[in-house]
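One structure is given below, encoded as structure tokens.
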Amino acid sequence: MSNLLVGGELRAREHHRVEDCAREEGPLHVVTLPNGVEMQVVTVGLELTRQLLTDQRLSKDSAALQREIKRQLAALGSTQENLAGLFGPSMLNSDNPQHARLRALAVKAFNGKAVQQLAPRIEEITGELVERLPVGEEIDLVKELAVPMPMHVIGEVLGVPAEDQARVRLLIETMMSMEPEVSQPASDELGGYFHGLLTGNDLDPRSLFGALATAADDDGDHLSHDELMAMAFLLVVAGHETSASLIANVVHDALDNGLWAKAGADPALVPQLVEETLRHNSPVRSATHRITTEPVEIGGVVVPADTLLLINLGSAGRCPRAHADAAEYRLDRETTGHATFGHGPHFCLGSGLARLETETVVRHLAARFPGTTYAGVEQPAVTHNDIMASLKSLPVVLRR
């Protein structure tokens, strides 16, 4: 069961069982990634999860992470010299004070006010995509809406031309597959694309990439090219993948729990649906990689220094000590605590955009097609990697 925590294909709801059983069995589970790298997945309650996400002994330093991963690969006989761009020196893979520095530069171009200014354009893009959807016939909502909508938005926000977005999406999917023979070449190609975009003459200064390329703090500090490249990987993948998976999960959960028509009749329910899905059916399966800088006790088990860790977020959201009837999907909860967007210094900078995109899509879709039904004969398949849990498809029939 351990390796099901980081890969494989399961049906919707089955990965909940895997994660929740792992949490009940113990706090730590040794897993092996497709490339042979070994690490441990942490499955504990919500309170301890939040504590670990802020524990400075669990480092996010890019150099330390890469050093340990490359050490293991070399021991396996691998000649791989480069790792995926997601392991670059972005704010995701850094500790303070470097993390604080990078985040301060990024937040200037990606704060709450900037996200709210995107709302009219998000409404427009969503309306256009929903208007094109056929009525009364089976479609795959992942392919037709959940994936393209945030790709359009993040493409415009970052400055990725519309004609390049399909290529970028395919490279992201291939890179995130974690299959060594294809994921690394896809990462390299995506890196080459970002390099050309960031160094070319066509970069729109009004885009987020344009703003980041010129962003500076009060002392004139700015992002280096390597830091810009790492930020590009982070924002494109995190800014698209999370929203696409969250949109599909919310629609699935609303249909699966008989709440879709109610959401169509009462748009005020949509934010509640989004929060309950974030808690119950997190699209972010585990927080990104950490490495221990010294021996650390987790749930009564001592983890040695230089151990790679993934902190599972799905089992934390369904922690029975944090929520009554935690395994059930309910909208009448007084609290909807979860750690899907992280906790502490590394709390997801794009959480506001993900919520806004998802709420907009679900509100438009439920209002226009309140009679929508699920078209599958069984629960849809969920493709897992070490970080994300994404529906491969969501067959539905849209009905007015």
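Residue numbering restarts at 1 for every chain of the structure tokens, chains are lettered A, B, ... in their displayed order, and ligands are numbered from 1 as they appear.
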(Q) I need the alpha helix (DSSP H) residues of range 35-79 of chain A per DSSP on the backbone, written as a ChimeraX atom specification. (A) /A:46-53,62-75
Q: Please give the complete set of residues from range 298-386 of chain A that DSSP, run on the backbone, assigns to strand (DSSP E or B), formatted as a ChimeraX atom specification.
A: /A:298,301-303,308-312,373-374,381-384
Could those selected residues go to a file with all heavy atoms, as a compact mmCIF listing (two decimals), in the first residue's frame?
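Heads up, here's the output in out05.txt:
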```txt
# COMPACT_ATOMS: atom_id res chain seq x y z
N ILE A 298 8.62 12.40 14.66
CA ILE A 298 7.30 12.62 14.07
C ILE A 298 6.37 11.53 14.55
O ILE A 298 6.56 10.36 14.22
CB ILE A 298 7.37 12.63 12.53
CG1 ILE A 298 8.28 13.76 12.03
CG2 ILE A 298 5.96 12.80 11.94
CD1 ILE A 298 8.45 13.79 10.53
N VAL A 301 8.11 8.59 16.14
CA VAL A 301 9.13 7.92 15.34
C VAL A 301 10.23 8.92 15.00
O VAL A 301 9.94 10.03 14.53
CB VAL A 301 8.54 7.34 14.04
CG1 VAL A 301 9.63 6.65 13.23
CG2 VAL A 301 7.41 6.37 14.36
N VAL A 302 11.49 8.55 15.23
CA VAL A 302 12.60 9.44 14.94
C VAL A 302 13.03 9.26 13.48
O VAL A 302 13.36 8.15 13.05
CB VAL A 302 13.79 9.18 15.88
CG1 VAL A 302 14.98 10.06 15.48
CG2 VAL A 302 13.39 9.46 17.33
N VAL A 303 13.03 10.36 12.75
CA VAL A 303 13.44 10.36 11.35
C VAL A 303 14.87 10.87 11.27
O VAL A 303 15.17 11.96 11.77
CB VAL A 303 12.51 11.27 10.51
CG1 VAL A 303 12.93 11.26 9.05
CG2 VAL A 303 11.06 10.83 10.66
N LEU A 308 14.35 12.47 2.88
CA LEU A 308 13.38 13.17 2.04
C LEU A 308 11.97 12.86 2.54
O LEU A 308 11.64 11.69 2.80
CB LEU A 308 13.51 12.73 0.59
CG LEU A 308 14.82 13.09 -0.11
CD1 LEU A 308 14.92 12.39 -1.46
CD2 LEU A 308 14.95 14.59 -0.29
N LEU A 309 11.14 13.89 2.66
CA LEU A 309 9.80 13.73 3.18
C LEU A 309 8.75 14.34 2.26
O LEU A 309 8.99 15.38 1.64
CB LEU A 309 9.66 14.41 4.55
CG LEU A 309 10.45 13.86 5.74
CD1 LEU A 309 10.21 14.75 6.96
CD2 LEU A 309 10.06 12.43 6.05
N LEU A 310 7.60 13.68 2.19
CA LEU A 310 6.39 14.25 1.62
C LEU A 310 5.33 14.25 2.72
O LEU A 310 5.08 13.21 3.32
CB LEU A 310 5.89 13.43 0.43
CG LEU A 310 6.72 13.46 -0.85
CD1 LEU A 310 6.20 12.42 -1.84
CD2 LEU A 310 6.68 14.84 -1.49
N ILE A 311 4.73 15.40 2.99
CA ILE A 311 3.70 15.49 4.02
C ILE A 311 2.34 15.39 3.33
O ILE A 311 1.95 16.28 2.57
CB ILE A 311 3.82 16.79 4.82
CG1 ILE A 311 5.20 16.87 5.48
CG2 ILE A 311 2.72 16.89 5.86
CD1 ILE A 311 5.47 18.18 6.19
N ASN A 312 1.62 14.30 3.59
CA ASN A 312 0.33 14.07 2.95
C ASN A 312 -0.70 15.06 3.48
O ASN A 312 -0.85 15.24 4.68
CB ASN A 312 -0.12 12.63 3.21
CG ASN A 312 -1.41 12.30 2.48
OD1 ASN A 312 -2.48 12.38 3.06
ND2 ASN A 312 -1.30 11.94 1.22
N THR A 373 -25.79 15.52 -15.24
CA THR A 373 -25.65 14.19 -14.61
C THR A 373 -24.28 13.60 -14.96
O THR A 373 -23.70 13.92 -16.01
CB THR A 373 -26.74 13.23 -15.11
OG1 THR A 373 -26.70 13.18 -16.54
CG2 THR A 373 -28.12 13.70 -14.65
N TYR A 374 -23.80 12.75 -14.08
CA TYR A 374 -22.57 12.02 -14.33
C TYR A 374 -22.86 10.91 -15.33
O TYR A 374 -23.87 10.22 -15.22
CB TYR A 374 -22.02 11.45 -13.02
CG TYR A 374 -20.75 10.64 -13.17
CD1 TYR A 374 -19.60 11.25 -13.67
CD2 TYR A 374 -20.71 9.29 -12.85
CE1 TYR A 374 -18.43 10.52 -13.83
CE2 TYR A 374 -19.54 8.56 -13.00
CZ TYR A 374 -18.41 9.17 -13.50
OH TYR A 374 -17.26 8.45 -13.66
N ALA A 381 -11.44 7.54 -12.93
CA ALA A 381 -10.08 7.21 -12.53
C ALA A 381 -9.34 8.47 -12.07
O ALA A 381 -9.51 9.55 -12.64
CB ALA A 381 -9.33 6.56 -13.68
N VAL A 382 -8.52 8.31 -11.05
CA VAL A 382 -7.69 9.39 -10.54
C VAL A 382 -6.23 9.00 -10.76
O VAL A 382 -5.79 7.93 -10.33
CB VAL A 382 -7.93 9.63 -9.03
CG1 VAL A 382 -7.02 10.72 -8.50
CG2 VAL A 382 -9.39 9.99 -8.79
N THR A 383 -5.50 9.85 -11.46
CA THR A 383 -4.08 9.61 -11.68
C THR A 383 -3.28 10.33 -10.61
O THR A 383 -3.45 11.53 -10.40
CB THR A 383 -3.65 10.11 -13.06
OG1 THR A 383 -4.38 9.39 -14.05
CG2 THR A 383 -2.16 9.87 -13.28
N HIS A 384 -2.43 9.58 -9.92
CA HIS A 384 -1.64 10.16 -8.84
C HIS A 384 -0.18 10.27 -9.24
O HIS A 384 0.36 9.41 -9.93
CB HIS A 384 -1.70 9.26 -7.59
CG HIS A 384 -3.07 9.03 -7.07
ND1 HIS A 384 -3.83 7.95 -7.42
CD2 HIS A 384 -3.83 9.77 -6.22
CE1 HIS A 384 -5.00 8.01 -6.81
NE2 HIS A 384 -5.03 9.10 -6.09
```
Q.
Give me, as an MDAnalysis selection string, all polymer residues having an atom no more than 9 Å from Asn111 in chain A, counting only C-alpha atoms and skipping those fewer than 6 positions away in the same chain.
A. chainID A and resid 349:350 352
For the residues in the current selection, export N, CA, C and O atoms as a tab-separated table (two decimals), in the first residue's frame.
```
chain	number	residue	atom	x	y	z
A	349	LEU	N	0.86	31.03	-2.53
A	349	LEU	CA	0.64	32.40	-2.98
A	349	LEU	C	-0.52	32.47	-3.97
A	349	LEU	O	-1.16	33.51	-4.10
A	350	GLY	N	-0.81	31.38	-4.66
A	350	GLY	CA	-1.87	31.37	-5.66
A	350	GLY	C	-3.20	30.84	-5.17
A	350	GLY	O	-4.09	30.58	-5.98
A	352	GLY	N	-5.66	32.31	-3.67
A	352	GLY	CA	-6.78	33.19	-4.02
A	352	GLY	C	-7.21	33.01	-5.46
A	352	GLY	O	-8.41	33.00	-5.77
```
Tell me, counting only C-alpha atoms, for each residue of range 161-236 of chain A within 7 Å of range 89-94 of chain A, which pair of atoms is nearest and how far apart they are in Å to one decimal, in rows ordered by chain and increasing number, as JSON lines.
```
{"residue": "A:Glu227", "atom": "CA", "partner": "A:Ser90", "partner_atom": "CA", "distance": 5.9}
{"residue": "A:Ala230", "atom": "CA", "partner": "A:Ser90", "partner_atom": "CA", "distance": 4.8}
{"residue": "A:Met231", "atom": "CA", "partner": "A:Ser90", "partner_atom": "CA", "distance": 5.2}
```
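Proximity to Pro185 in chain A was assessed for A:Gly299, A:Asp325, A:Ile154, A:Asn82 counting only C-alpha atoms; the smallest distance is recorded for A:Asn82.
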(Q) I'd like the contact shell of Val397 in chain A - 12 Å cut-off, only C-alpha atoms, skipping same-chain residues fewer than 5 positions apart - returned as a PyMOL selection string. (A) chain A and resi 133-141+255+365+369-376
Include N, CA and C atoms and write out the residues we just selected as a CSV table (one decimal), in the first residue's frame.
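Final output, result.csv:
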```
chain,number,residue,atom,x,y,z
A,133,LEU,N,-20.0,24.7,-24.8
A,133,LEU,CA,-20.3,23.3,-24.4
A,133,LEU,C,-21.6,22.8,-25.0
A,134,PRO,N,-21.6,21.5,-25.5
A,134,PRO,CA,-22.8,21.0,-26.0
A,134,PRO,C,-23.8,20.5,-24.9
A,135,VAL,N,-25.1,20.6,-25.2
A,135,VAL,CA,-26.1,20.2,-24.3
A,135,VAL,C,-26.7,18.9,-24.7
A,136,GLY,N,-26.9,18.0,-23.7
A,136,GLY,CA,-27.5,16.7,-23.9
A,136,GLY,C,-26.7,15.6,-24.5
A,137,GLU,N,-25.4,15.8,-24.5
A,137,GLU,CA,-24.5,14.7,-25.0
A,137,GLU,C,-23.3,14.6,-24.1
A,138,GLU,N,-22.7,13.4,-24.1
A,138,GLU,CA,-21.6,13.2,-23.1
A,138,GLU,C,-20.4,13.9,-23.6
A,139,ILE,N,-19.8,14.6,-22.6
A,139,ILE,CA,-18.5,15.2,-22.8
A,139,ILE,C,-17.6,14.9,-21.6
A,140,ASP,N,-16.3,15.1,-21.8
A,140,ASP,CA,-15.3,15.0,-20.8
A,140,ASP,C,-15.0,16.4,-20.2
A,141,LEU,N,-15.5,16.7,-19.0
A,141,LEU,CA,-15.4,18.0,-18.5
A,141,LEU,C,-14.0,18.4,-18.1
A,255,LEU,N,-21.8,16.5,-7.8
A,255,LEU,CA,-22.7,15.5,-8.5
A,255,LEU,C,-22.8,14.2,-7.6
A,365,LEU,N,-21.3,27.1,-14.5
A,365,LEU,CA,-21.8,25.8,-15.0
A,365,LEU,C,-23.1,25.3,-14.3
A,369,PHE,N,-26.5,24.8,-16.3
A,369,PHE,CA,-26.8,23.4,-16.5
A,369,PHE,C,-27.1,22.7,-15.1
A,370,PRO,N,-28.2,23.1,-14.5
A,370,PRO,CA,-28.5,22.5,-13.1
A,370,PRO,C,-28.9,21.1,-13.2
A,371,GLY,N,-29.3,20.6,-14.3
A,371,GLY,CA,-29.7,19.2,-14.5
A,371,GLY,C,-28.6,18.3,-14.9
A,372,THR,N,-27.4,18.7,-14.8
A,372,THR,CA,-26.2,17.9,-15.3
A,372,THR,C,-26.1,16.6,-14.5
A,373,THR,N,-25.8,15.5,-15.2
A,373,THR,CA,-25.6,14.2,-14.6
A,373,THR,C,-24.3,13.6,-15.0
A,374,TYR,N,-23.8,12.7,-14.1
A,374,TYR,CA,-22.6,12.0,-14.3
A,374,TYR,C,-22.9,10.9,-15.3
A,375,ALA,N,-22.0,10.7,-16.3
A,375,ALA,CA,-22.2,9.8,-17.4
A,375,ALA,C,-21.5,8.5,-17.3
A,376,GLY,N,-20.6,8.4,-16.3
A,376,GLY,CA,-19.8,7.2,-16.2
A,376,GLY,C,-20.5,6.0,-15.6
```
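Every protein, DNA or RNA residue with an atom at most 10 Å from Glu241 in chain A, where only C-alpha atoms count and chain neighbours fewer than 3 positions away do not, is listed here: Ala146, Val147, Pro150, Met151, Arg169, Ile172, Glu173, Met176, Leu235, Val236, Val237, Ala238, Ala244, Ser245, Leu246, Pro283, Val284, Ala354, Met388, Ala389 and Ser390 of chain A.
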Store the residues picked out above in a file with C-alpha atoms, as a CSV table (one decimal), in the first residue's frame.
```
chain,number,residue,atom,x,y,z
A,146,ALA,CA,-11.4,22.1,-16.2
A,147,VAL,CA,-8.0,22.1,-18.0
A,150,PRO,CA,-7.1,27.9,-15.9
A,151,MET,CA,-4.6,27.4,-18.8
A,169,ARG,CA,0.1,22.0,-21.1
A,172,ILE,CA,3.5,19.9,-17.9
A,173,GLU,CA,1.5,16.7,-18.1
A,176,MET,CA,4.4,15.6,-13.9
A,235,LEU,CA,3.8,29.5,-11.3
A,236,VAL,CA,2.9,27.7,-14.6
A,237,VAL,CA,2.6,24.3,-13.0
A,238,ALA,CA,1.2,25.3,-9.6
A,244,ALA,CA,-7.6,22.4,-13.1
A,245,SER,CA,-7.7,19.5,-10.6
A,246,LEU,CA,-9.8,21.5,-8.1
A,283,PRO,CA,-6.3,18.1,-5.4
A,284,VAL,CA,-2.8,18.6,-3.8
A,354,ALA,CA,-7.4,28.9,-7.5
A,388,MET,CA,-1.2,15.8,-7.2
A,389,ALA,CA,-4.3,13.7,-7.4
A,390,SER,CA,-6.1,14.5,-10.6
```
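Computed from the coordinates, the CA of Glu19 in chain A to CA of Ile291 in chain A distance equals 21.2 Å.
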